[in-house]
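**Q** Quick one, model.cif (mmCIF, C-alpha atoms and all ligand atoms):
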```cif
data_work
loop_
_atom_site.label_atom_id
_atom_site.label_comp_id
_atom_site.auth_asym_id
_atom_site.auth_seq_id
_atom_site.Cartn_x
_atom_site.Cartn_y
_atom_site.Cartn_z
CA MET A 432 55.83 121.12 4.05
CA ASN A 433 53.12 119.87 1.67
CA LEU A 434 53.45 116.55 -0.15
CA PHE A 435 51.25 114.81 -2.71
CA PRO A 436 49.11 112.07 -1.05
CA ALA A 437 51.15 108.99 -2.13
CA LEU A 438 54.26 110.60 -0.66
CA GLU A 439 52.62 111.61 2.58
CA ALA A 440 51.49 108.01 3.07
CA ALA A 441 55.02 106.74 2.42
CA TYR A 442 57.14 109.34 4.19
CA CYS A 443 55.24 110.58 7.18
CA ARG A 444 55.08 107.26 9.07
CA ASP A 445 57.69 104.60 9.70
CA SER A 446 55.36 101.72 8.86
CA ARG A 447 57.84 99.24 7.34
CA PRO A 448 57.96 95.87 9.14
CA ALA A 449 61.29 95.35 10.97
CA THR A 450 62.43 92.48 8.72
CA GLU A 451 61.83 94.60 5.63
CA ALA A 452 63.65 97.53 7.22
CA GLN A 453 66.65 95.34 7.98
CA ARG A 454 66.64 93.93 4.48
CA LEU A 455 66.62 97.45 3.05
CA ALA A 456 69.51 98.40 5.32
CA GLU A 457 71.54 95.49 3.89
CA LEU A 458 70.53 96.43 0.34
CA ILE A 459 72.07 99.83 1.05
CA ALA A 460 75.19 98.32 2.61
CA PHE A 461 75.73 96.19 -0.49
CA GLY A 462 74.49 98.87 -2.87
CA PRO A 463 77.57 99.17 -5.10
CA ILE A 464 77.79 95.38 -5.51
CA VAL A 465 74.16 94.74 -6.35
CA PHE A 466 74.18 97.71 -8.72
CA GLN A 467 77.05 96.22 -10.71
CA VAL A 468 75.55 92.74 -10.65
CA ALA A 469 72.26 94.01 -12.05
CA ARG A 470 74.05 96.04 -14.69
CA ILE A 471 76.13 93.05 -15.84
CA MET A 472 73.05 90.79 -15.86
CA LEU A 473 71.57 93.25 -18.32
CA LYS A 474 74.71 93.94 -20.33
CA TRP A 475 75.61 90.28 -20.82
CA GLY A 476 72.04 89.57 -21.87
CA ILE A 477 71.34 87.13 -19.04
CA LEU A 478 68.06 88.75 -18.04
CA GLU A 479 66.93 88.68 -21.65
CA LEU A 480 68.00 85.04 -22.04
CA LEU A 481 65.93 84.15 -18.98
CA ARG A 482 62.92 86.04 -20.29
CA ASN A 483 63.15 84.08 -23.53
CA SER A 484 63.50 80.71 -21.77
CA PRO A 485 60.09 79.58 -20.50
CA ASP A 486 61.70 76.52 -18.85
CA GLY A 487 64.36 78.61 -17.19
CA LEU A 488 68.13 78.01 -17.38
CA THR A 489 70.67 76.28 -15.19
CA ALA A 490 73.88 78.13 -14.31
CA ASP A 491 75.86 75.97 -16.79
CA GLU A 492 73.39 76.64 -19.60
CA THR A 493 73.55 80.34 -18.81
CA ALA A 494 77.36 80.26 -18.96
CA ARG A 495 77.32 78.54 -22.34
CA ARG A 496 74.64 80.79 -23.82
CA CYS A 497 76.29 84.05 -22.79
CA SER A 498 79.91 82.97 -23.25
CA CYS A 499 81.05 83.45 -19.67
CA THR A 500 82.65 81.05 -17.22
CA ALA A 501 80.52 78.76 -15.06
CA TYR A 502 81.97 80.60 -12.08
CA ALA A 503 80.81 84.02 -13.38
CA ALA A 504 77.33 82.70 -14.18
CA LYS A 505 77.00 81.20 -10.71
CA VAL A 506 78.04 84.26 -8.72
CA LEU A 507 75.86 86.53 -10.83
CA LEU A 508 72.81 84.27 -10.67
CA GLU A 509 73.13 83.58 -6.94
CA SER A 510 73.52 87.27 -6.17
CA SER A 511 70.55 88.02 -8.44
CA LEU A 512 68.52 85.33 -6.70
CA THR A 513 68.91 86.82 -3.24
CA LEU A 514 68.56 90.30 -4.67
CA GLY A 515 65.24 89.32 -6.28
CA LEU A 516 66.05 89.63 -9.99
CA VAL A 517 65.54 85.92 -10.59
CA THR A 518 63.75 83.02 -8.92
CA LEU A 519 64.91 79.43 -8.60
CA ASP A 520 63.06 76.25 -9.45
CA ARG A 521 64.79 74.33 -6.66
CA GLU A 522 64.04 70.80 -7.92
CA ALA A 523 65.25 71.44 -11.47
CA GLY A 524 68.03 73.86 -10.48
CA ARG A 525 66.75 76.28 -13.10
CA PHE A 526 66.61 80.07 -12.83
CA HIS A 527 63.70 82.21 -14.06
CA LEU A 528 63.27 85.93 -14.53
CA ALA A 529 61.54 87.59 -11.54
CA LYS A 530 59.40 90.75 -11.61
CA THR A 531 62.21 93.10 -10.59
CA GLY A 532 64.43 91.60 -13.29
CA TRP A 533 61.63 92.18 -15.77
CA PHE A 534 61.45 95.86 -14.79
CA LEU A 535 65.20 96.24 -15.21
CA LEU A 536 64.94 94.67 -18.62
CA THR A 537 61.91 96.48 -19.96
CA ASP A 538 61.28 99.73 -18.07
CA PRO A 539 62.88 102.58 -20.09
CA LEU A 540 63.08 104.86 -17.05
CA THR A 541 65.02 102.25 -15.09
CA ARG A 542 67.35 101.65 -18.04
CA VAL A 543 68.05 105.37 -18.46
CA ASN A 544 68.68 105.82 -14.73
CA LEU A 545 70.96 102.78 -14.60
CA ALA A 546 73.09 103.94 -17.54
CA PHE A 547 73.25 107.49 -16.14
CA ASN A 548 74.37 106.20 -12.75
CA HIS A 549 77.01 103.94 -14.23
CA ASP A 550 78.43 106.17 -16.96
CA VAL A 551 78.12 109.57 -15.30
CA ASN A 552 77.82 109.16 -11.54
CA TYR A 553 79.39 105.96 -10.34
CA GLU A 554 83.03 106.92 -9.94
CA GLY A 555 82.49 110.56 -9.07
CA MET A 556 79.98 109.62 -6.38
CA PHE A 557 82.90 108.20 -4.37
CA ARG A 558 83.66 111.86 -3.63
CA LEU A 559 80.18 112.89 -2.55
CA GLU A 560 81.25 113.56 1.02
CA GLU A 561 84.00 115.99 -0.07
CA SER A 562 81.57 117.61 -2.50
CA LEU A 563 79.00 118.22 0.23
CA ARG A 564 81.66 119.61 2.58
CA GLU A 565 83.20 121.89 -0.03
CA GLY A 566 80.03 122.88 -1.90
CA ARG A 567 81.58 122.05 -5.27
CA PRO A 568 81.33 118.99 -7.54
CA VAL A 569 84.56 117.29 -6.52
CA GLY A 570 83.42 114.09 -8.31
CA LEU A 571 83.50 115.97 -11.62
CA GLU A 572 87.32 115.90 -11.46
CA HIS A 573 86.95 112.30 -12.66
CA PHE A 574 85.97 113.77 -16.06
CA GLY A 575 87.75 117.09 -16.31
CA PRO A 576 88.75 120.41 -14.77
CA TRP A 577 85.46 122.30 -15.23
CA ARG A 578 83.59 124.25 -12.55
CA THR A 579 80.31 122.65 -13.64
CA ILE A 580 79.43 119.67 -15.79
CA TYR A 581 77.62 122.00 -18.23
CA GLU A 582 80.89 123.64 -19.24
CA GLY A 583 82.24 120.18 -20.08
CA LEU A 584 79.16 118.49 -21.55
CA SER A 585 80.43 118.69 -25.11
CA GLN A 586 83.77 117.13 -24.04
CA LEU A 587 82.56 114.24 -21.87
CA PRO A 588 83.67 110.74 -22.96
CA PRO A 589 81.18 109.44 -25.55
CA GLU A 590 79.41 106.93 -23.30
CA ALA A 591 79.04 109.50 -20.49
CA GLN A 592 77.74 112.13 -22.91
CA GLU A 593 75.32 109.66 -24.45
CA SER A 594 73.95 108.55 -21.08
CA TRP A 595 73.74 112.16 -19.85
CA LEU A 596 71.76 113.24 -22.90
CA ALA A 597 69.55 110.14 -22.83
CA PHE A 598 68.79 110.85 -19.17
CA ASP A 599 68.10 114.54 -19.75
CA HIS A 600 66.01 113.96 -22.87
CA PHE A 601 64.06 111.06 -21.44
CA TYR A 602 62.72 113.16 -18.62
CA SER A 603 61.92 116.32 -20.55
CA ASP A 604 60.87 114.90 -23.96
CA GLN A 605 57.87 113.09 -22.53
CA SER A 606 56.26 116.24 -21.24
CA PHE A 607 56.86 118.57 -24.21
CA ARG A 608 53.61 117.75 -26.02
CA GLU A 609 51.38 118.47 -23.03
CA ALA A 610 53.46 121.50 -22.06
CA ALA A 611 53.19 122.90 -25.59
CA ASP A 612 49.38 122.78 -25.32
CA VAL A 613 49.61 125.06 -22.27
CA VAL A 614 52.25 127.42 -23.70
CA PHE A 615 50.63 127.76 -27.14
CA GLY A 616 47.18 128.04 -25.57
CA ARG A 617 48.18 131.73 -25.36
CA PRO A 618 49.42 133.79 -28.31
CA VAL A 619 53.17 133.22 -28.73
CA ARG A 620 55.20 134.60 -31.63
CA ARG A 621 58.59 134.88 -29.92
CA LEU A 622 59.80 132.43 -27.33
CA LEU A 623 63.06 132.50 -25.38
CA ASP A 624 64.27 129.01 -24.40
CA VAL A 625 66.79 129.49 -21.61
CA GLY A 626 69.14 126.51 -21.27
CA GLY A 627 67.75 124.97 -24.45
CA ASN A 628 70.55 122.39 -24.68
CA THR A 629 70.40 120.45 -27.97
CA GLY A 630 67.29 122.28 -29.19
CA ARG A 631 64.68 119.56 -28.71
CA TRP A 632 62.04 121.87 -27.21
CA ALA A 633 62.83 124.49 -29.86
CA LEU A 634 62.24 121.90 -32.59
CA HIS A 635 59.03 120.89 -30.89
CA CYS A 636 57.87 124.53 -30.85
CA VAL A 637 58.60 125.25 -34.52
CA ALA A 638 56.78 122.04 -35.46
CA HIS A 639 53.85 122.95 -33.24
CA HIS A 640 53.43 126.54 -34.45
CA PRO A 641 54.02 127.62 -38.08
CA GLU A 642 55.36 131.09 -37.28
CA VAL A 643 56.91 131.05 -33.84
CA GLU A 644 60.53 132.21 -33.62
CA VAL A 645 62.54 130.51 -30.88
CA THR A 646 65.77 131.86 -29.41
CA VAL A 647 67.86 129.35 -27.47
CA MET A 648 69.97 131.06 -24.82
CA ASP A 649 72.73 128.78 -23.56
CA LEU A 650 76.49 128.47 -23.07
CA PRO A 651 78.39 128.97 -26.37
CA GLN A 652 79.75 125.40 -26.52
CA GLN A 653 76.21 124.10 -26.00
CA LEU A 654 74.90 126.20 -28.86
CA ASP A 655 77.40 124.53 -31.19
CA MET A 656 75.88 121.17 -30.25
CA MET A 657 72.39 122.66 -30.72
CA ALA A 658 73.26 123.96 -34.20
CA ALA A 659 74.66 120.58 -35.23
CA GLN A 660 71.62 118.69 -33.93
CA THR A 661 69.00 120.95 -35.52
CA GLU A 662 70.73 121.63 -38.85
CA GLY A 663 68.51 120.95 -41.85
CA LEU A 664 65.50 119.89 -39.78
CA PRO A 665 62.06 121.38 -40.53
CA GLY A 666 61.69 124.83 -38.95
CA ALA A 667 65.39 125.09 -37.98
CA ASP A 668 65.55 128.48 -39.76
CA ARG A 669 63.24 129.80 -37.02
CA ILE A 670 65.59 128.66 -34.25
CA HIS A 671 68.23 131.17 -33.21
CA GLY A 672 71.14 130.95 -30.77
CA LEU A 673 72.02 133.48 -28.08
CA PRO A 674 75.31 132.61 -26.38
CA ALA A 675 75.27 133.63 -22.71
CA ASP A 676 76.43 132.58 -19.28
CA VAL A 677 73.39 133.28 -17.12
CA LEU A 678 75.48 132.86 -13.98
CA ALA A 679 77.30 136.10 -14.77
CA GLU A 680 75.37 138.85 -13.01
CA SER A 681 76.19 141.13 -15.94
CA THR A 682 74.22 138.88 -18.32
CA ARG A 683 70.93 140.58 -19.12
CA PHE A 684 67.95 138.90 -20.73
CA PRO A 685 67.07 140.39 -24.14
CA ALA A 686 64.41 143.04 -23.61
CA ALA A 687 63.66 144.25 -27.14
CA PRO A 688 61.82 143.08 -29.06
CA ARG A 689 59.92 141.47 -26.17
CA PHE A 690 59.46 137.75 -25.88
CA ASP A 691 55.89 136.57 -25.31
CA ALA A 692 57.13 133.53 -23.41
CA ILE A 693 60.28 132.66 -21.50
CA TRP A 694 60.81 128.93 -21.15
CA MET A 695 63.04 127.23 -18.58
CA SER A 696 62.87 123.44 -18.75
CA GLN A 697 64.95 121.38 -16.33
CA PHE A 698 67.09 124.47 -16.11
CA LEU A 699 66.67 126.06 -12.70
CA ASP A 700 67.55 122.78 -10.98
CA CYS A 701 71.09 123.46 -12.25
CA PHE A 702 71.46 126.39 -9.84
CA SER A 703 71.52 127.25 -6.14
CA PRO A 704 68.62 129.17 -4.57
CA GLU A 705 70.57 132.47 -4.67
CA GLN A 706 71.50 131.90 -8.31
CA ILE A 707 67.86 131.07 -9.16
CA VAL A 708 66.66 134.30 -7.56
CA SER A 709 69.28 136.24 -9.52
CA ILE A 710 68.42 134.54 -12.86
CA LEU A 711 64.67 134.97 -12.38
CA SER A 712 65.10 138.62 -11.28
CA ARG A 713 67.01 139.38 -14.48
CA ALA A 714 64.37 137.52 -16.51
CA ALA A 715 61.64 139.54 -14.76
CA GLU A 716 63.39 142.80 -15.74
CA ALA A 717 62.98 141.82 -19.39
CA MET A 718 59.33 140.81 -19.06
CA ALA A 719 56.34 142.91 -20.09
CA PRO A 720 53.19 142.66 -17.96
CA ASP A 721 51.79 140.17 -20.49
CA THR A 722 54.91 138.00 -20.77
CA TYR A 723 54.60 134.52 -19.27
CA LEU A 724 57.56 132.69 -17.79
CA TYR A 725 57.27 128.90 -17.73
CA ILE A 726 59.25 126.69 -15.36
CA LEU A 727 59.12 122.99 -16.25
CA GLU A 728 60.53 120.92 -13.41
CA THR A 729 60.20 117.53 -11.75
CA PHE A 730 59.35 118.75 -8.26
CA TRP A 731 59.84 115.86 -5.86
CA ASP A 732 56.88 116.80 -3.69
CA ARG A 733 54.38 116.79 -6.59
CA GLN A 734 54.89 113.20 -7.72
CA LYS A 735 51.95 110.86 -8.12
CA TYR A 736 54.14 107.82 -7.51
CA GLU A 737 56.46 107.34 -4.59
CA THR A 738 59.12 105.68 -6.76
CA ALA A 739 59.39 108.90 -8.76
CA ALA A 740 60.03 110.97 -5.63
CA PHE A 741 62.69 108.43 -4.64
CA CYS A 742 64.45 108.79 -8.01
CA LEU A 743 64.34 112.59 -7.89
CA THR A 744 65.70 113.01 -4.38
CA GLN A 745 68.58 110.67 -5.31
CA ILE A 746 69.25 112.63 -8.51
CA SER A 747 69.82 115.66 -6.27
CA LEU A 748 73.11 114.08 -5.23
CA TYR A 749 74.26 114.00 -8.86
CA PHE A 750 74.06 117.79 -8.73
CA SER A 751 76.10 117.78 -5.51
CA ALA A 752 78.94 115.50 -6.63
CA LEU A 753 79.05 115.84 -10.43
CA ALA A 754 77.06 118.76 -11.79
CA ASN A 755 77.77 121.92 -9.80
CA GLY A 756 77.90 121.23 -6.05
CA ASN A 757 75.03 123.47 -5.06
CA SER A 758 71.73 122.61 -6.74
CA LYS A 759 69.10 119.92 -6.50
CA MET A 760 65.67 118.70 -7.48
CA TYR A 761 63.56 121.27 -5.71
CA HIS A 762 60.39 121.19 -3.63
CA SER A 763 57.76 123.25 -5.48
CA GLU A 764 57.19 125.54 -2.49
CA ASP A 765 60.89 126.45 -2.49
CA MET A 766 60.75 127.27 -6.22
CA ALA A 767 57.62 129.40 -5.75
CA ASP A 768 59.44 131.24 -2.95
CA TYR A 769 62.47 131.96 -5.20
CA ALA A 770 60.13 133.18 -7.96
CA GLY A 771 58.39 135.46 -5.47
CA ARG A 772 61.72 136.90 -4.31
CA ALA A 773 62.54 137.61 -7.96
CA GLY A 774 59.40 139.70 -8.42
CA LEU A 775 57.30 136.99 -10.05
CA GLU A 776 54.05 135.40 -9.02
CA VAL A 777 53.02 131.84 -9.76
CA VAL A 778 49.66 132.01 -11.48
CA GLU A 779 49.16 128.33 -12.39
CA ILE A 780 50.77 124.94 -11.82
CA HIS A 781 50.00 122.06 -14.20
CA ASP A 782 50.97 118.68 -12.75
CA ASN A 783 51.59 115.16 -14.02
CA LEU A 784 52.94 116.07 -17.45
CA GLY A 785 54.99 113.26 -19.01
CA HIS A 786 57.11 111.54 -16.39
CA GLY A 787 56.15 113.62 -13.38
CA HIS A 788 56.84 117.13 -14.61
CA SER A 789 55.01 120.18 -13.33
CA LEU A 790 54.69 123.36 -15.34
CA MET A 791 54.79 126.46 -13.17
CA VAL A 792 53.39 129.50 -14.96
CA CYS A 793 54.65 132.88 -13.70
CA ARG A 794 54.02 136.55 -14.44
CA ARG A 795 55.69 139.70 -13.24
CA LYS A 796 54.19 141.02 -10.00
CA LEU A 797 52.46 144.29 -10.71
C1 LIG A 801 69.64 119.97 -17.62
S1 LIG A 801 69.88 120.83 -19.10
C2 LIG A 801 68.23 121.16 -19.59
C3 LIG A 801 68.06 121.06 -21.05
C4 LIG A 801 66.68 121.28 -21.65
N1 LIG A 801 66.14 122.58 -21.32
C5 LIG A 801 65.73 120.16 -21.31
O1 LIG A 801 64.66 120.41 -20.76
O2 LIG A 801 66.06 119.00 -21.62
C6 LIG A 801 70.45 122.40 -18.55
C7 LIG A 801 70.86 123.34 -19.63
O3 LIG A 801 71.26 124.57 -19.01
C8 LIG A 801 72.44 125.04 -19.62
N2 LIG A 801 73.21 125.84 -18.67
C9 LIG A 801 73.80 125.41 -17.54
N3 LIG A 801 74.48 126.41 -16.96
C10 LIG A 801 74.30 127.50 -17.75
C11 LIG A 801 74.76 128.84 -17.69
N4 LIG A 801 75.54 129.24 -16.69
N5 LIG A 801 74.37 129.71 -18.65
C12 LIG A 801 73.56 129.30 -19.67
N6 LIG A 801 73.10 128.02 -19.78
C13 LIG A 801 73.48 127.14 -18.84
C14 LIG A 801 73.17 123.77 -20.01
O4 LIG A 801 74.14 124.00 -21.00
C15 LIG A 801 72.04 122.88 -20.46
O5 LIG A 801 71.76 123.05 -21.81
#
```
What would the structure in this file look like if it were written as structure tokens?
Ligand SMILES: C[S@@+](CC[C@H](N)C(=O)[O-])C[C@H]1O[C@@H](n2cnc3c(N)ncnc32)[C@H](O)[C@@H]1O
**A**
Amino acid sequence: MNLFPALEAAYCRDSRPATEAQRLAELIAFGPIVFQVARIMLKWGILELLRNSPDGLTADETARRCSCTAYAAKVLLESSLTLGLVTLDREAGRFHLAKTGWFLLTDPLTRVNLAFNHDVNYEGMFRLEESLREGRPVGLEHFGPWRTIYEGLSQLPPEAQESWLAFDHFYSDQSFREAADVVFGRPVRRLLDVGGNTGRWALHCVAHHPEVEVTVMDLPQQLDMMAAQTEGLPGADRIHGLPADVLAESTRFPAAPRFDAIWMSQFLDCFSPEQIVSILSRAAEAMAPDTYLYILETFWDRQKYETAAFCLTQISLYFSALANGNSKMYHSEDMADYAGRAGLEVVEIHDNLGHGHSLMVCRRKL
């Protein structure tokens, strides 16, 4: 199994000193507690208060400034101290923001992941074990009776929907500009966006190219959200909806008139390997020899930074417990294998777009 160099260095040797390994083991054992502590430190504004207090704050000052009890301020600050979010000036009894606290406060990726884990995953994750045994997202029952989270996206409670969309958009939005340079580097007049969600890539395309027509193929309830989000925006008249459940084997990809490009962004990770092969095979049937199919994914093995691979392999468990029970963040070699089984060949891979996306470019095997 190939890995990018930073990952090979981190994952192919057990080089952590024993004390650090033990500390990490305890961090895991107390995971749910430290997660909630960090979240509350953010939500109650304590981390921000500390950042804005060059002389630091005592526990009592913190309590007064954020309108909580002295008891609450003390347990939160002491937990945060041993966790590493804050440091202590021992003589003065004053707390200061530490580097990890600063990341929690200012790093947008961390904020998006934290909100996603709290609002979408936290309670459902309690049922991860059942989900893995049964191969279905048992944790999704926390939100509703759907087979997959996609069927229920439009009906999630507002904070869960907001965090889900922020998470989804954060990852894909950042790579659209660079991806568009690759896609529109070839002539494209008609583009099929499979799983186009709220239409953000479609909007990007119509802004990028003055004539391109984009068809978003997605579940019907999703297309309603897409129509609402794109209504009245420049180029929206060149964005069309095609309601379809791609999981149904009877769903065919539109063959005439031909699309020059088929786009699947953060889409195939919503399906199992067998489902991916089926979806790509049906896409291949509709492709002409000069049609390109683009797969934009965050492959965990192609990350420049180890922290990114960590995030992605954890996100896989969201698919297990909440999303659908059978998909994940894939290794790029697995995806290339599924494409090959579907009659496609990978002709290019562009790495390091946005926040760790890769763009796999495929054509029909001749
Ligand atoms: C993770 S989102 C990706 C959204 C967007 N392409 C992006 O890059 O941000 C997956 C999309 O696939 C759609 N989807 C999931 N299952 C589907 C199915 N069975 N048929 C059609 N679309 C589906 C969802 O509704 C959602 O819009």
**Q** Chain A near ligand LIG 801 (chain A) within 6 Å: what's each residue's closest atom pair and its distance in Å to one decimal, counting all atoms listed in the file, ordered by chain then ascending residue number, as CSV?
**A**
```
residue,atom,partner,partner_atom,distance
A:Tyr581,CA,A:LIG801,O4,4.9
A:Asp599,CA,A:LIG801,O2,5.2
A:His600,CA,A:LIG801,O2,5.2
A:Ser603,CA,A:LIG801,O1,4.9
A:Gly626,CA,A:LIG801,O3,3.7
A:Gly627,CA,A:LIG801,N1,4.3
A:Asn628,CA,A:LIG801,O5,3.2
A:Asp649,CA,A:LIG801,N6,3.9
A:Leu650,CA,A:LIG801,C12,4.6
A:Gln653,CA,A:LIG801,O4,5.4
A:Ala675,CA,A:LIG801,C12,5.6
A:Asp676,CA,A:LIG801,N5,3.6
A:Val677,CA,A:LIG801,N5,4.0
A:Leu678,CA,A:LIG801,N4,4.5
A:Ser696,CA,A:LIG801,O1,4.1
A:Gln697,CA,A:LIG801,O1,4.5
A:Phe698,CA,A:LIG801,C6,4.6
```
**Q** If you keep C-alpha atoms, can you produce a file of those selected residues as an mmCIF file, in the frame of the given file?
**A**
```cif
data_model
loop_
_atom_site.group_PDB
_atom_site.id
_atom_site.type_symbol
_atom_site.label_atom_id
_atom_site.label_comp_id
_atom_site.auth_asym_id
_atom_site.auth_seq_id
_atom_site.Cartn_x
_atom_site.Cartn_y
_atom_site.Cartn_z
ATOM 1 C CA TYR A 581 77.620 122.000 -18.230
ATOM 2 C CA ASP A 599 68.100 114.540 -19.750
ATOM 3 C CA HIS A 600 66.010 113.960 -22.870
ATOM 4 C CA SER A 603 61.920 116.320 -20.550
ATOM 5 C CA GLY A 626 69.140 126.510 -21.270
ATOM 6 C CA GLY A 627 67.750 124.970 -24.450
ATOM 7 C CA ASN A 628 70.550 122.390 -24.680
ATOM 8 C CA ASP A 649 72.730 128.780 -23.560
ATOM 9 C CA LEU A 650 76.490 128.470 -23.070
ATOM 10 C CA GLN A 653 76.210 124.100 -26.000
ATOM 11 C CA ALA A 675 75.270 133.630 -22.710
ATOM 12 C CA ASP A 676 76.430 132.580 -19.280
ATOM 13 C CA VAL A 677 73.390 133.280 -17.120
ATOM 14 C CA LEU A 678 75.480 132.860 -13.980
ATOM 15 C CA SER A 696 62.870 123.440 -18.750
ATOM 16 C CA GLN A 697 64.950 121.380 -16.330
ATOM 17 C CA PHE A 698 67.090 124.470 -16.110
#
```
**Q** Pick out the residues sitting within 12 Å of A:Phe607, and hand them over as a ChimeraX atom specification; count only C-alpha atoms, and ignore anything fewer than 4 positions along from it in its own chain.
**A** /A:600-603,611-615,631-636,638-639,694,696-697,727-728,783-790
**Q** Could you jot down the atom CA of A:Ser709 to atom CA of A:Glu644 separation for me, Å, one decimal place?
**A**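 These two atoms are separated by 26.0 Å.
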**Q** Using only C-alpha atoms, which residues sit within 12 Å of A:Ser751 once same-chain residues fewer than 2 positions away are excluded, as a compact mmCIF listing (two decimals) with C-alpha atoms, in the coordinates of the input?
**A**
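What landed in selection_23.txt:
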```txt
# COMPACT_ATOMS: atom_id res chain seq x y z
CA ASN A 552 77.82 109.16 -11.54
CA GLY A 555 82.49 110.56 -9.07
CA MET A 556 79.98 109.62 -6.38
CA PHE A 557 82.90 108.20 -4.37
CA ARG A 558 83.66 111.86 -3.63
CA LEU A 559 80.18 112.89 -2.55
CA GLU A 560 81.25 113.56 1.02
CA GLU A 561 84.00 115.99 -0.07
CA SER A 562 81.57 117.61 -2.50
CA LEU A 563 79.00 118.22 0.23
CA ARG A 564 81.66 119.61 2.58
CA GLU A 565 83.20 121.89 -0.03
CA GLY A 566 80.03 122.88 -1.90
CA ARG A 567 81.58 122.05 -5.27
CA PRO A 568 81.33 118.99 -7.54
CA VAL A 569 84.56 117.29 -6.52
CA GLY A 570 83.42 114.09 -8.31
CA LEU A 571 83.50 115.97 -11.62
CA THR A 579 80.31 122.65 -13.64
CA ILE A 580 79.43 119.67 -15.79
CA ASP A 700 67.55 122.78 -10.98
CA CYS A 701 71.09 123.46 -12.25
CA PHE A 702 71.46 126.39 -9.84
CA SER A 703 71.52 127.25 -6.14
CA THR A 744 65.70 113.01 -4.38
CA GLN A 745 68.58 110.67 -5.31
CA ILE A 746 69.25 112.63 -8.51
CA SER A 747 69.82 115.66 -6.27
CA LEU A 748 73.11 114.08 -5.23
CA TYR A 749 74.26 114.00 -8.86
CA LEU A 753 79.05 115.84 -10.43
CA ALA A 754 77.06 118.76 -11.79
CA ASN A 755 77.77 121.92 -9.80
CA GLY A 756 77.90 121.23 -6.05
CA ASN A 757 75.03 123.47 -5.06
CA SER A 758 71.73 122.61 -6.74
CA LYS A 759 69.10 119.92 -6.50
CA MET A 760 65.67 118.70 -7.48
```
**Q** Could you give me, as a ChimeraX atom specification, the residues within 7 Å of A:Val708, counting all atoms listed in the file and dropping anything in the same chain fewer than 3 positions from it?
**A** /A:704-705,711-712,769-770,772-773
